[in-house]
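First comes the structure, then the notes that go with it.
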Amino acid sequence: MKTRALIRPAALAHNLQIVRSLAPGLPVLAMVKADAYGHGATALLPTLQQRTDALGVARLAEAAALRAAGYGGRLLLLCGVSDNSELDAALTMQLDILVHDGGQLGLLAGRNAARNPPTHFWLKLDSGMHRLGFVPADYAAAVAALRALPWCASVTGMTHFASADE
């Protein structure tokens, strides 16, 4: 017998209700990268749209698929942008953009602000995983650099814990 995953929208809705009850008043962002980990992000949209405040995707193509499916809510682009064509696409789709290194920060700072819509940025702190993010000593300067962008609507801090058990 093959292993399979069965996603029940009612169970997903219930789980999101539990999350909201544990963090009342706080926004809920659901990660749907890799097509909701192979479960079909667009099929989950009716449930997610009603019960989350934003969705997270890894790549621009995933964001484009959700926009094409009619999702108009906030979308966080976890990989960030690495060149002007990616930045143009992210801005066109009105994505929140994750910034995790100095090269991305430089790209954003060098951008002509007149043609950019207000954009929400997320800034990643390397809290021990040592994969992506600014080291603690450089984090405050990165926050200041993002906030200095005339088109910065907000900066949200984030991290990826190095160990789920501690």
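To be explicit about the labels: the chains of the structure tokens are called A, B, and onward in the order shown, and within each one the residues are counted from 1, while ligands get numbers from 1 in the order they are shown.
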
Non-local contacts of Ala43 of chain A (12 Å; only C-alpha atoms; under 4 positions in same chain excluded) as a VMD selection string:
chain A and resid 7 to 9 32 35 to 36 38 to 39 47 to 49 65 to 66 69 to 71

Selection: 9 Å around Val19 of chain A, only C-alpha atoms, excl. self and same-chain fewer than 5 positions, as a VMD selection string
chain A and resid 14 24 28

Residue contacts of segment 130-146 of chain A (6 Å, only C-alpha atoms) excluding same-chain residues fewer than 3 positions away, as a PyMOL selection string
chain A and resi 100-101+124-126+149

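The environment of Met31 of chain A within 8 Å, counting only C-alpha atoms and disregarding residues fewer than 4 places along the same chain, consists of Ala36, Leu55, Gly56 and Val57 of chain A.
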
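Proximity to Ala63 of chain A at 9 Å, evaluated using only C-alpha atoms and with sequence-adjacent residues fewer than 6 positions away removed, yields A:Gly56, A:Val57, A:Leu75, A:Leu76, A:Leu77, A:Ala90, A:Met93, A:Leu95.
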
Selected residues, all heavy atoms, written as a PDB file, in the first residue's frame, please.
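The new file out.pdb reads:
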```pdb
ATOM      1  N   GLY A  56       3.017  32.147   2.830  1.00  0.00           N
ATOM      2  CA  GLY A  56       4.434  32.186   2.516  1.00  0.00           C
ATOM      3  C   GLY A  56       4.767  31.211   1.410  1.00  0.00           C
ATOM      4  O   GLY A  56       4.320  30.060   1.437  1.00  0.00           O
ATOM      5  N   VAL A  57       5.532  31.682   0.426  1.00  0.00           N
ATOM      6  CA  VAL A  57       5.982  30.847  -0.688  1.00  0.00           C
ATOM      7  C   VAL A  57       7.493  30.966  -0.817  1.00  0.00           C
ATOM      8  O   VAL A  57       8.082  31.956  -0.389  1.00  0.00           O
ATOM      9  CB  VAL A  57       5.296  31.229  -2.026  1.00  0.00           C
ATOM     10  CG1 VAL A  57       3.797  30.998  -1.972  1.00  0.00           C
ATOM     11  CG2 VAL A  57       5.595  32.673  -2.410  1.00  0.00           C
ATOM     12  N   LEU A  75       1.353  37.922   0.464  1.00  0.00           N
ATOM     13  CA  LEU A  75       2.201  36.779   0.122  1.00  0.00           C
ATOM     14  C   LEU A  75       3.639  37.138   0.440  1.00  0.00           C
ATOM     15  O   LEU A  75       4.162  38.137  -0.053  1.00  0.00           O
ATOM     16  CB  LEU A  75       2.113  36.480  -1.372  1.00  0.00           C
ATOM     17  CG  LEU A  75       1.071  35.512  -1.873  1.00  0.00           C
ATOM     18  CD1 LEU A  75       1.045  35.486  -3.389  1.00  0.00           C
ATOM     19  CD2 LEU A  75       1.297  34.138  -1.324  1.00  0.00           C
ATOM     20  N   LEU A  76       4.288  36.320   1.252  1.00  0.00           N
ATOM     21  CA  LEU A  76       5.689  36.523   1.594  1.00  0.00           C
ATOM     22  C   LEU A  76       6.556  35.663   0.696  1.00  0.00           C
ATOM     23  O   LEU A  76       6.384  34.444   0.631  1.00  0.00           O
ATOM     24  CB  LEU A  76       5.931  36.147   3.067  1.00  0.00           C
ATOM     25  CG  LEU A  76       7.391  36.069   3.519  1.00  0.00           C
ATOM     26  CD1 LEU A  76       8.104  37.403   3.326  1.00  0.00           C
ATOM     27  CD2 LEU A  76       7.462  35.604   4.967  1.00  0.00           C
ATOM     28  N   LEU A  77       7.515  36.308   0.020  1.00  0.00           N
ATOM     29  CA  LEU A  77       8.466  35.617  -0.849  1.00  0.00           C
ATOM     30  C   LEU A  77       9.710  35.283  -0.027  1.00  0.00           C
ATOM     31  O   LEU A  77      10.538  36.149   0.258  1.00  0.00           O
ATOM     32  CB  LEU A  77       8.824  36.498  -2.050  1.00  0.00           C
ATOM     33  CG  LEU A  77       9.817  35.910  -3.039  1.00  0.00           C
ATOM     34  CD1 LEU A  77       9.271  34.639  -3.689  1.00  0.00           C
ATOM     35  CD2 LEU A  77      10.177  36.956  -4.089  1.00  0.00           C
ATOM     36  N   ALA A  90       8.254  40.681  -8.248  1.00  0.00           N
ATOM     37  CA  ALA A  90       7.735  40.714  -6.877  1.00  0.00           C
ATOM     38  C   ALA A  90       6.891  41.961  -6.643  1.00  0.00           C
ATOM     39  O   ALA A  90       5.828  41.885  -6.011  1.00  0.00           O
ATOM     40  CB  ALA A  90       8.891  40.652  -5.877  1.00  0.00           C
ATOM     41  N   MET A  93       3.507  41.714  -8.436  1.00  0.00           N
ATOM     42  CA  MET A  93       2.574  40.823  -7.726  1.00  0.00           C
ATOM     43  C   MET A  93       2.259  41.314  -6.309  1.00  0.00           C
ATOM     44  O   MET A  93       1.507  40.664  -5.590  1.00  0.00           O
ATOM     45  CB  MET A  93       3.139  39.402  -7.667  1.00  0.00           C
ATOM     46  CG  MET A  93       3.118  38.692  -8.992  1.00  0.00           C
ATOM     47  SD  MET A  93       3.575  36.952  -8.820  1.00  0.00           S
ATOM     48  CE  MET A  93       5.371  37.064  -8.907  1.00  0.00           C
ATOM     49  N   LEU A  95       4.179  41.486  -3.566  1.00  0.00           N
ATOM     50  CA  LEU A  95       4.633  40.517  -2.575  1.00  0.00           C
ATOM     51  C   LEU A  95       5.351  41.217  -1.427  1.00  0.00           C
ATOM     52  O   LEU A  95       5.990  42.250  -1.613  1.00  0.00           O
ATOM     53  CB  LEU A  95       5.603  39.519  -3.218  1.00  0.00           C
ATOM     54  CG  LEU A  95       5.100  38.760  -4.437  1.00  0.00           C
ATOM     55  CD1 LEU A  95       6.174  37.805  -4.933  1.00  0.00           C
ATOM     56  CD2 LEU A  95       3.802  38.035  -4.148  1.00  0.00           C
TER      57      LEU A  95
END
```

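Using only C-alpha atoms, the shortest contact distance between Ala10 of chain A and any of A:Ala148, A:Leu107, A:Pro46, A:Ser127 is found at A:Pro46.
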
Taking the chain letters and numbering used in this document, name the residues of chain A that DSSP puts in strand (DSSP E), as a ChimeraX atom specification.
/A:29-31,54-57,74-77,96-99,119-125,152-159

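Considering only C-alpha atoms, the residue among A:Ala64, A:Met1, A:Ala13, A:Leu87 positioned nearest to Leu105 of chain A is A:Leu87.
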
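For the atom pair formed by atom CA of Thr119 of chain A and atom CA of Gly40 of chain A, the distance is 27.3 Å, given to one decimal.
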
Please return as a PyMOL selection string: the residues of segment 71-150 of chain A that backbone DSSP assigns to alpha helix (DSSP H).
chain A and resi 84-92+102-109+136-147

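Of the listed residues (A:Trp151, A:Met129, A:Ala58, A:Ile97), A:Met129 comes nearest to Ser163 of chain A; the distances count only C-alpha atoms.
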
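With distances restricted to only C-alpha atoms, A:Gln50 is the closest residue to Ala30 of chain A from A:Ser154, A:Gln50, A:Thr3, A:Ser82.
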
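Checking A:Gly157, A:Pro150, A:Gly110, A:Gly103 one by one against Leu123 of chain A, counting only C-alpha atoms, you find the shortest gap at A:Gly157.
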
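Our summary of the geometry notes that atom CA of Ala54 of chain A is positioned 7.9 Å from atom CA of Pro27 of chain A.
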
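Across the structure, atom CA of Ala162 of chain A and atom CA of Leu78 of chain A are spaced 17.1 Å apart.
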